[in-house]
>>> print(open('final-v3.txt').read())   # compact mmCIF, C-alpha atoms
# COMPACT_ATOMS: atom_id res chain seq x y z
CA MET A 1 103.91 179.18 104.58
CA THR A 2 103.38 182.90 104.18
CA MET A 3 102.91 184.63 100.84
CA ARG A 4 106.29 186.33 101.13
CA SER A 5 108.12 183.08 101.72
CA ARG A 6 106.24 181.47 98.79
CA TRP A 7 107.60 184.20 96.49
CA ALA A 8 111.08 184.13 97.98
CA ASP A 9 111.41 180.32 97.97
CA SER A 10 109.83 179.79 94.59
CA ASN A 11 111.58 177.46 92.18
CA ALA A 12 109.68 178.99 89.28
CA ASN A 13 111.51 180.44 86.37
CA PRO A 14 111.67 184.26 86.68
CA TRP A 15 110.08 184.52 83.23
CA THR A 16 107.09 182.55 84.49
CA ILE A 17 106.59 185.00 87.32
CA LEU A 18 106.98 187.95 84.92
CA ILE A 19 104.43 186.50 82.50
CA ARG A 20 101.96 185.86 85.35
CA LEU A 21 102.31 189.45 86.53
CA ALA A 22 101.97 190.84 83.00
CA VAL A 23 98.88 188.78 82.19
CA GLY A 24 97.25 189.51 85.52
CA LEU A 25 98.11 193.21 85.74
CA VAL A 26 97.90 194.15 82.06
CA VAL A 27 95.10 191.95 80.70
CA PHE A 28 92.60 190.55 83.20
CA PHE A 29 92.62 192.98 86.12
CA PRO A 30 92.32 196.25 84.10
CA GLU A 31 89.73 194.78 81.73
CA GLY A 32 87.58 193.69 84.66
CA ILE A 33 87.80 197.12 86.28
CA GLN A 34 86.96 198.84 82.99
CA LYS A 35 83.89 196.64 82.47
CA LEU A 36 82.60 197.72 85.87
CA ILE A 37 83.53 201.43 85.61
CA PHE A 38 82.41 201.95 81.98
CA PRO A 39 79.48 199.54 81.56
CA ASP A 40 77.98 201.38 78.57
CA ILE A 41 81.21 201.20 76.58
CA LEU A 42 82.90 197.98 77.71
CA GLY A 43 80.37 196.05 79.80
CA ALA A 44 76.65 195.54 79.32
CA GLY A 45 76.39 198.14 76.53
CA ARG A 46 79.06 196.43 74.47
CA PHE A 47 77.55 193.00 75.14
CA ALA A 48 74.11 194.24 74.01
CA LYS A 49 75.64 195.75 70.87
CA ILE A 50 77.22 192.46 69.80
CA GLY A 51 74.11 190.43 70.65
CA ILE A 52 75.05 188.57 73.83
CA PRO A 53 71.87 187.55 75.71
CA ALA A 54 71.13 189.14 79.13
CA PRO A 55 73.90 191.77 78.84
CA GLU A 56 72.82 193.57 82.02
CA ILE A 57 73.65 190.40 83.97
CA LEU A 58 76.61 189.07 82.00
CA GLY A 59 78.45 192.40 81.74
CA PRO A 60 79.08 192.83 85.48
CA PHE A 61 79.52 189.06 85.91
CA VAL A 62 82.31 188.93 83.33
CA GLY A 63 83.93 192.01 84.90
CA VAL A 64 83.99 190.37 88.34
CA VAL A 65 85.29 187.08 86.90
CA GLU A 66 88.13 188.94 85.15
CA LEU A 67 89.01 190.75 88.39
CA VAL A 68 89.04 187.56 90.43
CA CYS A 69 91.00 185.55 87.86
CA GLY A 70 93.47 188.41 87.38
CA ALA A 71 94.07 188.52 91.13
CA LEU A 72 94.48 184.74 91.26
CA ILE A 73 97.01 184.79 88.42
CA ILE A 74 98.98 187.57 90.12
CA LEU A 75 99.03 185.76 93.47
CA CYS A 76 100.20 182.47 91.85
CA PRO A 77 97.80 179.98 93.44
CA PRO A 78 98.20 176.27 92.91
CA SER A 79 97.38 175.06 89.41
CA ALA A 80 94.56 172.84 90.70
CA LEU A 81 92.68 175.90 91.99
CA MET A 82 93.17 177.71 88.68
CA ALA A 83 91.88 174.69 86.76
CA GLN A 84 88.62 174.78 88.70
CA ILE A 85 87.81 178.34 87.59
>>> encode(input="final-v3.txt", output="structure tokens")
Amino acid sequence: MTMRSRWADSNANPWTILIRLAVGLVVFFPEGIQKLIFPDILGAGRFAKIGIPAPEILGPFVGVVELVCGALIILCPPSALMAQI
């Protein structure tokens, strides 16, 4: 089944799709990009300021995780895949 037919044949409530898009596009995806583009303000620099250990490693890691999870939420994968992340 192609991605287009998954969206077209979905039995999901339209509000569910809207919430997935909003959370993915407004929360996770932009925050992940910002952590990677502005590491001193939102990534490793911020993590160091609040006392998180190894901020130079965790800052980019969290940014990538937010990007990947945001993309997964937008693309509506099966719930079992989302539960593993």
>>> closest_residue(input="final-v3.txt", among="A:Ala48, A:Leu42, A:Ala54, A:Leu75", to="Pro30 (chain A)", atoms="only C-alpha atoms")
A:Leu42
>>> residues_near_point(input="final-v3.txt", point="(87.6, 197.2, 88.6)", cutoff="12 Å", atoms="all atoms listed in the file", output="ChimeraX atom specification")
/A:25,28-39,42-43,60-68,70-71
>>> write_last_selection(input="final-v3.txt", atoms="C-alpha atoms", output="PDB file, in the coordinates of the input")
ATOM      1  CA  LEU A  25      98.110 193.210  85.740  1.00  0.00           C
ATOM      2  CA  PHE A  28      92.600 190.550  83.200  1.00  0.00           C
ATOM      3  CA  PHE A  29      92.620 192.980  86.120  1.00  0.00           C
ATOM      4  CA  PRO A  30      92.320 196.250  84.100  1.00  0.00           C
ATOM      5  CA  GLU A  31      89.730 194.780  81.730  1.00  0.00           C
ATOM      6  CA  GLY A  32      87.580 193.690  84.660  1.00  0.00           C
ATOM      7  CA  ILE A  33      87.800 197.120  86.280  1.00  0.00           C
ATOM      8  CA  GLN A  34      86.960 198.840  82.990  1.00  0.00           C
ATOM      9  CA  LYS A  35      83.890 196.640  82.470  1.00  0.00           C
ATOM     10  CA  LEU A  36      82.600 197.720  85.870  1.00  0.00           C
ATOM     11  CA  ILE A  37      83.530 201.430  85.610  1.00  0.00           C
ATOM     12  CA  PHE A  38      82.410 201.950  81.980  1.00  0.00           C
ATOM     13  CA  PRO A  39      79.480 199.540  81.560  1.00  0.00           C
ATOM     14  CA  LEU A  42      82.900 197.980  77.710  1.00  0.00           C
ATOM     15  CA  GLY A  43      80.370 196.050  79.800  1.00  0.00           C
ATOM     16  CA  PRO A  60      79.080 192.830  85.480  1.00  0.00           C
ATOM     17  CA  PHE A  61      79.520 189.060  85.910  1.00  0.00           C
ATOM     18  CA  VAL A  62      82.310 188.930  83.330  1.00  0.00           C
ATOM     19  CA  GLY A  63      83.930 192.010  84.900  1.00  0.00           C
ATOM     20  CA  VAL A  64      83.990 190.370  88.340  1.00  0.00           C
ATOM     21  CA  VAL A  65      85.290 187.080  86.900  1.00  0.00           C
ATOM     22  CA  GLU A  66      88.130 188.940  85.150  1.00  0.00           C
ATOM     23  CA  LEU A  67      89.010 190.750  88.390  1.00  0.00           C
ATOM     24  CA  VAL A  68      89.040 187.560  90.430  1.00  0.00           C
ATOM     25  CA  GLY A  70      93.470 188.410  87.380  1.00  0.00           C
ATOM     26  CA  ALA A  71      94.070 188.520  91.130  1.00  0.00           C
TER      27      ALA A  71
END
>>> closest_residue(input="final-v3.txt", among="A:Ile50, A:Glu56, A:Ile74, A:Asp40", to="Leu21 (chain A)", atoms="all atoms listed in the file")
A:Ile74
>>> atom_distance(input="final-v3.txt", atom1="CA of Val27 (chain A)", atom2="CA of Leu72 (chain A)")
12.8 Å
>>> residues_around(input="final-v3.txt", residues="Phe47 (chain A)", least_positions_apart="6", cutoff="8 Å", atoms="all atoms listed in the file", output="ChimeraX atom specification")
/A:53,55,58-59
>>> atom_distance(input="final-v3.txt", atom1="CA of Cys69 (chain A)", atom2="CA of Ile17 (chain A)")
15.6 Å
>>> atom_distance(input="final-v3.txt", atom1="CA of Ile73 (chain A)", atom2="CA of Trp15 (chain A)")
14.1 Å
